[in-house]
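Data first, discussion second: the structure below is written as structure tokens.
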Amino acid sequence: MAMMPVVTGENTEVLRTVATPVPEVNDEIRHLAKEMRKTMKAEKGVGLAAPQVGVSQRMILATIDKRGTTMVNPE
């Protein structure tokens with residue numbers, strides 16, 4: 001898959017809507033995380049939330065102490 005488009009803009013619905021919880025970590029979620037990681041690296045970012053790539057689910061990726069971290073349903 002090519003890099004995912006990053007959604008921006010204060011009036012973008014997916015960014016203004018409360019994201020839904022991820023019911024279970026399955027292959028689909030793992031694939032989403034992998035594609036988000038590629039996108040984050042291509043954009044030279046240190047963090048990316050699923051809604052920022054148009055997916056209204058509670059998942060974020062972050063680089064902490066030079067290590068990639070994926071958080072599902074963070075509280």
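Every chain in the structure tokens has a letter given in the order shown (A, B, ...), and although residue numbers restart at 1 in each chain, ligands are simply numbered from 1 in the order shown.
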Run DSSP on the backbone and tell me which residues of chain A come out as strand (DSSP E); list them as number ranges by chain. A: 47-49, 59-64, 67-72
List every residue of chain A that DSSP, applied to the backbone of this structure, places in helix (DSSP H, G or I), and write the result as a tab-separated table (two decimals) with C-alpha atoms, in the first residue's frame.
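Generated file (result10.tsv):
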chain	number	residue	atom	x	y	z
A	13	GLU	CA	-15.23	15.60	10.40
A	14	VAL	CA	-13.01	12.61	11.29
A	15	LEU	CA	-10.78	14.89	13.37
A	16	ARG	CA	-13.75	16.41	15.22
A	27	ASP	CA	-4.64	-8.76	11.59
A	28	GLU	CA	-6.59	-5.78	10.23
A	29	ILE	CA	-5.47	-3.57	13.14
A	30	ARG	CA	-1.89	-4.83	12.84
A	31	HIS	CA	-1.94	-3.98	9.12
A	32	LEU	CA	-3.32	-0.51	9.87
A	33	ALA	CA	-0.52	0.06	12.41
A	34	LYS	CA	2.08	-1.05	9.87
A	35	GLU	CA	0.74	1.32	7.21
A	36	MET	CA	0.49	4.15	9.72
A	37	ARG	CA	4.12	3.56	10.74
A	38	LYS	CA	5.21	3.81	7.07
A	39	THR	CA	3.24	7.04	6.71
A	40	MET	CA	4.66	8.50	9.91
A	41	LYS	CA	8.22	7.74	8.79
A	42	ALA	CA	7.62	9.16	5.30
A	50	ALA	CA	-5.63	6.82	13.35
A	51	PRO	CA	-8.07	9.73	12.76
A	52	GLN	CA	-5.21	11.66	11.15
A	53	VAL	CA	-5.23	9.09	8.35
Hey, what's within 9 Å of A:Thr70 if we count only C-alpha atoms and toss same-chain stuff fewer than 6 positions away? As number ranges by chain, please? A: 33, 59-63
Write the residues you've just listed into a file as a JSON list (two decimals), in the first residue's frame, and include C-alpha atoms for each of them.
[["chain", "number", "residue", "atom", "x", "y", "z"],
["A", 33, "ALA", "CA", -0.52, 0.06, 12.41],
["A", 59, "MET", "CA", -5.10, 4.00, 18.08],
["A", 60, "ILE", "CA", -1.94, 6.09, 18.07],
["A", 61, "LEU", "CA", 1.66, 5.48, 17.13],
["A", 62, "ALA", "CA", 4.51, 7.35, 18.74],
["A", 63, "THR", "CA", 8.27, 7.37, 18.83]]
Restricting the calculation to only C-alpha atoms, which member of A:Asn11, A:Met3, A:Pro23, A:Val72 is positioned closest to A:Ala49?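 Among A:Asn11, A:Met3, A:Pro23, A:Val72, it is A:Val72 that comes nearest to A:Ala49.
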Here atom CA of A:Thr69 and atom CA of A:Thr17 stand apart by 23.7 Å
Can you measure atom CA of A:Asn73 to atom CA of A:Arg58 for me? One decimal in Å is fine.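 That distance, rounded to one decimal, is 5.0 Å.
Put simply, atom CA of A:Gly45 is 26.2 Å away from atom CA of A:Glu24.
Across A:Met71, A:Lys44, A:Asn26, A:Ala19, the tightest approach to A:Gln57 is made by A:Ala19 when counting only C-alpha atoms.
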